[in-house]
Number of protein chains: 2
Amino acid sequence: MTFVLVVDDEPHIRRTLTINLRARDYEVEAAADGRSALQIIHERTPDVIVLDLGLPDLDGVEVLRRLRQTSRVPVVVLSARHDSDDKVEALDAGADDYVTKPFGMDEFLARIRAAIRRGASDEHDHFVVESEDFVLDFGERQATGGDGGEIRFTPTEWRLLETLAKKPGHLVTHAELLKAAWGPAYGRELNYLRVYANQLRRKIEPDPGAPVHLVTEPGIGYRFFV
Amino acid sequence: MTFVLVVDDEPHIRRTLTINLRARDYEVEAAADGRSALQIIHERTPDVIVLDLGLPDLDGVEVLRRLRQTSRVPVVVLSARHDSDDKVEALDAGADDYVTKPFGMDEFLARIRAAIRRGASDEHDHFVVESEDFVLDFGERQATGGDGGEIRFTPTEWRLLETLAKKPGHLVTHAELLKAAWGPAYGRELNYLRVYANQLRRKIEPDPGAPVHLVTEPGIGYRFFV
DNA sequence: ACGGACCTTGACGCGATCTTGACGGGCGTC
DNA sequence: GACGCCCGTCAAGATCGCGTCAAGGTCCGT
């Protein structure tokens, strides 16, 4: 089921969008302000987010920026403002699309479909990785050790592990990992990677001193083996 | 350099967009009809495509459909029609964004940036060189010997090998190799090359004393044979 | 305000890698 | 045959990248 998050402070709009989306068999959750939106996103990443710019607490663009630190979820921005500068700002902050109120429902739904289609490419969200030493369930965000005990990961550790596990056996460069786990603004903080690679190894490697799952490719990046 | 393809039958629009994009340091190519657009795409995939719907030969939506059978390149559709149905059709055919003429250049450029940002899903060049004695996978940075065992190369060795392997059979001069592997400041450190050519031969030549893959051209440079 | 979980940042040691200089051999020229 | 040029070979020292650790700092919920 495709999961859509609608963020708008006007109850009327929230209601209209929710009803129309539910009628198309989307699973919809609604938030009235930025904080609760970020909260929901943290708990469960939506497949697409509909975001109004004029929010009571945080600015919509600010929500977008924070979101983009950690995620690539498609975001369709909604706004009453026709001002071109606002559009530019939102798009550069990481919005995928910008729809001006008032808008036709058909067009809106088509843009949502387009956004979901794009997002679907890199998120095989519900996949599970199993090995002798651990089971990683990326759909449920849950990990089990070889002895059956739960392994706990921090959000950043999990994001790293996920981008590595998406391409088992393949080289993933430093830059790719930093972008995926910390956001597009990070590119040179190699020490972060060293610290986290270390932490991951302690949790998934039988012998962290001689890693077999998380292998480093000197000067380039890392490689994950199931 | 980011490569943008502009497809529009109106010379005036083509010119305006090309000039504005080039001013932002994009590499731009323009096509006036659908067939030549598909031709260009076939030769070299752009990072983003700007596509007008009203083309003289093929319909824009048709171009989009054919394109989407083979590629996921971001496409920004341009149209004079405000009609909602057209938007829906284009978006469902695979467009990433839909901009209605007339539009502000700032907004247009922001949408282009957004499209490029999404499309940049860091896939590296995936060229592979195979011979009896080894397989070199430059996308994965992985090398296998004739016996199936892994061959390990240091970062500098890879850079050298890559610049040589890009032109199999062709002469590559000392200066080219030094610039590619060590940077533009290096040009006279021939001894580096000797040391590394030596190391490479030990790893890829069946008989390092009589090299067949990495051949030296006295006084000029080296030549790589598959 | 307090405490805990998490993220950031700097320092340090070790091993791999790079740099540098020296030496010897093949080849052509004088 | 002697010399110079260019290349291959080797090994020692310098440097770099990585793993490791621990001390703040930040953000959150209680």
# chains A, B, ... in the order shown; residues from 1 in each chain; ligands from 1
call {"tool": "residues_around", "arguments": {"residues": "DC6 of chain C", "least_positions_apart": "6", "cutoff": "10 Å", "atoms": "only C-alpha atoms (C1' of nucleotides)", "output": "list in words"}}
result
Thr154, Pro155 and Thr156 of chain A; DT26, DC27 and DC28 of chain D
call {"tool": "residues_around", "arguments": {"residues": "DG4 of chain D", "least_positions_apart": "6", "cutoff": "12 Å", "atoms": "only C-alpha atoms (C1' of nucleotides)", "output": "PyMOL selection string"}}
result
chain C and resi 27-30
call {"tool": "closest_atom_pairs", "arguments": {"of": "chain C", "to": "chain B", "cutoff": "10 Å", "atoms": "only C-alpha atoms (C1' of nucleotides)", "output": "JSON lines"}}
result
{"residue": "C:DA16", "atom": "C1'", "partner": "B:Thr154", "partner_atom": "CA", "distance": 9.1}
{"residue": "C:DT17", "atom": "C1'", "partner": "B:Thr154", "partner_atom": "CA", "distance": 7.4}
{"residue": "C:DC18", "atom": "C1'", "partner": "B:Thr156", "partner_atom": "CA", "distance": 8.8}
{"residue": "C:DT19", "atom": "C1'", "partner": "B:Tyr192", "partner_atom": "CA", "distance": 8.2}
{"residue": "C:DT20", "atom": "C1'", "partner": "B:Asn191", "partner_atom": "CA", "distance": 9.2}
call {"tool": "atom_distance", "arguments": {"atom1": "atom CA of Pro168 of chain A", "atom2": "atom CA of Asn198 of chain A"}}
result
18.5 Å
call {"tool": "closest_atom_pairs", "arguments": {"of": "chain B", "to": "chain D", "cutoff": "12 Å", "atoms": "only C-alpha atoms (C1' of nucleotides)", "output": "Markdown table"}}
result
| residue | atom | partner | partner_atom | distance |
| --- | --- | --- | --- | --- |
| B:Thr154 | CA | D:DG17 | C1' | 11.9 |
| B:Pro155 | CA | D:DG17 | C1' | 11.2 |
| B:Leu190 | CA | D:DC7 | C1' | 10.1 |
| B:Asn191 | CA | D:DC7 | C1' | 9.3 |
| B:Tyr192 | CA | D:DG8 | C1' | 11.9 |
| B:Leu193 | CA | D:DC7 | C1' | 10.4 |
| B:Arg194 | CA | D:DG8 | C1' | 7.1 |
| B:Val195 | CA | D:DG8 | C1' | 8.1 |
| B:Tyr196 | CA | D:DG8 | C1' | 10.6 |
| B:Ala197 | CA | D:DG8 | C1' | 9.2 |
| B:Asn198 | CA | D:DG8 | C1' | 7.2 |
| B:Gln199 | CA | D:DT9 | C1' | 10.3 |
| B:Arg201 | CA | D:DG8 | C1' | 11.1 |
| B:Arg202 | CA | D:DT9 | C1' | 11.8 |
| B:Pro208 | CA | D:DG8 | C1' | 10.6 |
| B:Gly209 | CA | D:DG8 | C1' | 9.4 |
| B:Ala210 | CA | D:DG8 | C1' | 11.7 |
| B:Pro211 | CA | D:DG8 | C1' | 11.9 |
| B:Val215 | CA | D:DC7 | C1' | 11.9 |
| B:Thr216 | CA | D:DC7 | C1' | 9.0 |
| B:Glu217 | CA | D:DC7 | C1' | 10.3 |
| B:Pro218 | CA | D:DC6 | C1' | 7.2 |
| B:Gly219 | CA | D:DC6 | C1' | 7.2 |
| B:Ile220 | CA | D:DC6 | C1' | 10.7 |
| B:Gly221 | CA | D:DC7 | C1' | 11.3 |
| B:Tyr222 | CA | D:DC7 | C1' | 11.9 |
call {"tool": "write_last_selection", "arguments": {"atoms": "N, CA and C atoms", "output": "JSON list (two decimals), in the first residue's frame"}}
result
[["chain", "number", "residue", "atom", "x", "y", "z"],
["B", 154, "THR", "N", 46.36, -0.97, -5.74],
["B", 154, "THR", "CA", 46.29, 0.23, -4.91],
["B", 154, "THR", "C", 45.58, 1.33, -5.72],
["B", 155, "PRO", "N", 45.12, 2.39, -5.05],
["B", 155, "PRO", "CA", 44.41, 3.46, -5.76],
["B", 155, "PRO", "C", 45.20, 4.01, -6.94],
["B", 190, "LEU", "N", 59.22, 10.74, -14.31],
["B", 190, "LEU", "CA", 59.16, 9.50, -15.08],
["B", 190, "LEU", "C", 59.43, 8.28, -14.24],
["B", 191, "ASN", "N", 60.25, 8.47, -13.20],
["B", 191, "ASN", "CA", 60.57, 7.31, -12.38],
["B", 191, "ASN", "C", 59.34, 6.73, -11.69],
["B", 192, "TYR", "N", 58.36, 7.59, -11.35],
["B", 192, "TYR", "CA", 57.10, 7.07, -10.78],
["B", 192, "TYR", "C", 56.52, 6.03, -11.72],
["B", 193, "LEU", "N", 56.45, 6.43, -12.99],
["B", 193, "LEU", "CA", 55.84, 5.55, -13.97],
["B", 193, "LEU", "C", 56.58, 4.22, -14.05],
["B", 194, "ARG", "N", 57.88, 4.30, -13.99],
["B", 194, "ARG", "CA", 58.65, 3.05, -14.10],
["B", 194, "ARG", "C", 58.31, 2.13, -12.94],
["B", 195, "VAL", "N", 58.28, 2.71, -11.76],
["B", 195, "VAL", "CA", 57.97, 1.90, -10.58],
["B", 195, "VAL", "C", 56.59, 1.26, -10.70],
["B", 196, "TYR", "N", 55.62, 2.06, -11.12],
["B", 196, "TYR", "CA", 54.26, 1.53, -11.15],
["B", 196, "TYR", "C", 54.01, 0.60, -12.33],
["B", 197, "ALA", "N", 54.65, 0.88, -13.45],
["B", 197, "ALA", "CA", 54.53, -0.03, -14.58],
["B", 197, "ALA", "C", 55.04, -1.41, -14.13],
["B", 198, "ASN", "N", 56.11, -1.38, -13.42],
["B", 198, "ASN", "CA", 56.68, -2.60, -12.87],
["B", 198, "ASN", "C", 55.67, -3.34, -12.00],
["B", 199, "GLN", "N", 55.07, -2.62, -11.07],
["B", 199, "GLN", "CA", 54.12, -3.25, -10.16],
["B", 199, "GLN", "C", 52.91, -3.81, -10.90],
["B", 201, "ARG", "N", 52.83, -4.84, -13.98],
["B", 201, "ARG", "CA", 53.21, -6.03, -14.74],
["B", 201, "ARG", "C", 53.26, -7.26, -13.86],
["B", 202, "ARG", "N", 53.73, -7.08, -12.67],
["B", 202, "ARG", "CA", 53.79, -8.23, -11.76],
["B", 202, "ARG", "C", 52.40, -8.79, -11.49],
["B", 208, "PRO", "N", 56.18, -11.34, -16.38],
["B", 208, "PRO", "CA", 56.51, -9.92, -16.25],
["B", 208, "PRO", "C", 57.79, -9.54, -16.97],
["B", 209, "GLY", "N", 58.65, -10.52, -17.21],
["B", 209, "GLY", "CA", 59.90, -10.22, -17.91],
["B", 209, "GLY", "C", 59.67, -9.94, -19.39],
["B", 210, "ALA", "N", 58.59, -10.52, -19.95],
["B", 210, "ALA", "CA", 58.28, -10.30, -21.36],
["B", 210, "ALA", "C", 56.84, -9.83, -21.48],
["B", 211, "PRO", "N", 56.60, -8.56, -21.19],
["B", 211, "PRO", "CA", 55.23, -8.04, -21.11],
["B", 211, "PRO", "C", 54.49, -8.07, -22.44],
["B", 215, "VAL", "N", 52.95, -2.59, -22.65],
["B", 215, "VAL", "CA", 54.15, -2.50, -23.47],
["B", 215, "VAL", "C", 54.72, -1.08, -23.42],
["B", 216, "THR", "N", 56.03, -0.97, -23.25],
["B", 216, "THR", "CA", 56.61, 0.37, -23.21],
["B", 216, "THR", "C", 57.02, 0.85, -24.59],
["B", 217, "GLU", "N", 56.77, 2.13, -24.81],
["B", 217, "GLU", "CA", 57.19, 2.80, -26.03],
["B", 217, "GLU", "C", 58.34, 3.72, -25.65],
["B", 218, "PRO", "N", 59.56, 3.29, -25.88],
["B", 218, "PRO", "CA", 60.73, 4.01, -25.36],
["B", 218, "PRO", "C", 60.73, 5.49, -25.70],
["B", 219, "GLY", "N", 60.90, 6.29, -24.67],
["B", 219, "GLY", "CA", 60.99, 7.73, -24.88],
["B", 219, "GLY", "C", 59.65, 8.43, -24.99],
["B", 220, "ILE", "N", 58.55, 7.67, -25.13],
["B", 220, "ILE", "CA", 57.25, 8.30, -25.37],
["B", 220, "ILE", "C", 56.25, 7.99, -24.27],
["B", 221, "GLY", "N", 56.02, 6.72, -24.03],
["B", 221, "GLY", "CA", 54.99, 6.36, -23.06],
["B", 221, "GLY", "C", 54.75, 4.87, -23.01],
["B", 222, "TYR", "N", 53.47, 4.49, -22.80],
["B", 222, "TYR", "CA", 53.13, 3.07, -22.71],
["B", 222, "TYR", "C", 51.90, 2.79, -23.55]]
call {"tool": "interface_residues", "arguments": {"of": "chain B", "to": "chain A", "cutoff": "9 Å", "atoms": "only C-alpha atoms", "output": "PyMOL selection string"}}
result
chain B and resi 72+84-85+87-98+104+106-111+113-115+117-118+121-122+139-142+154-155
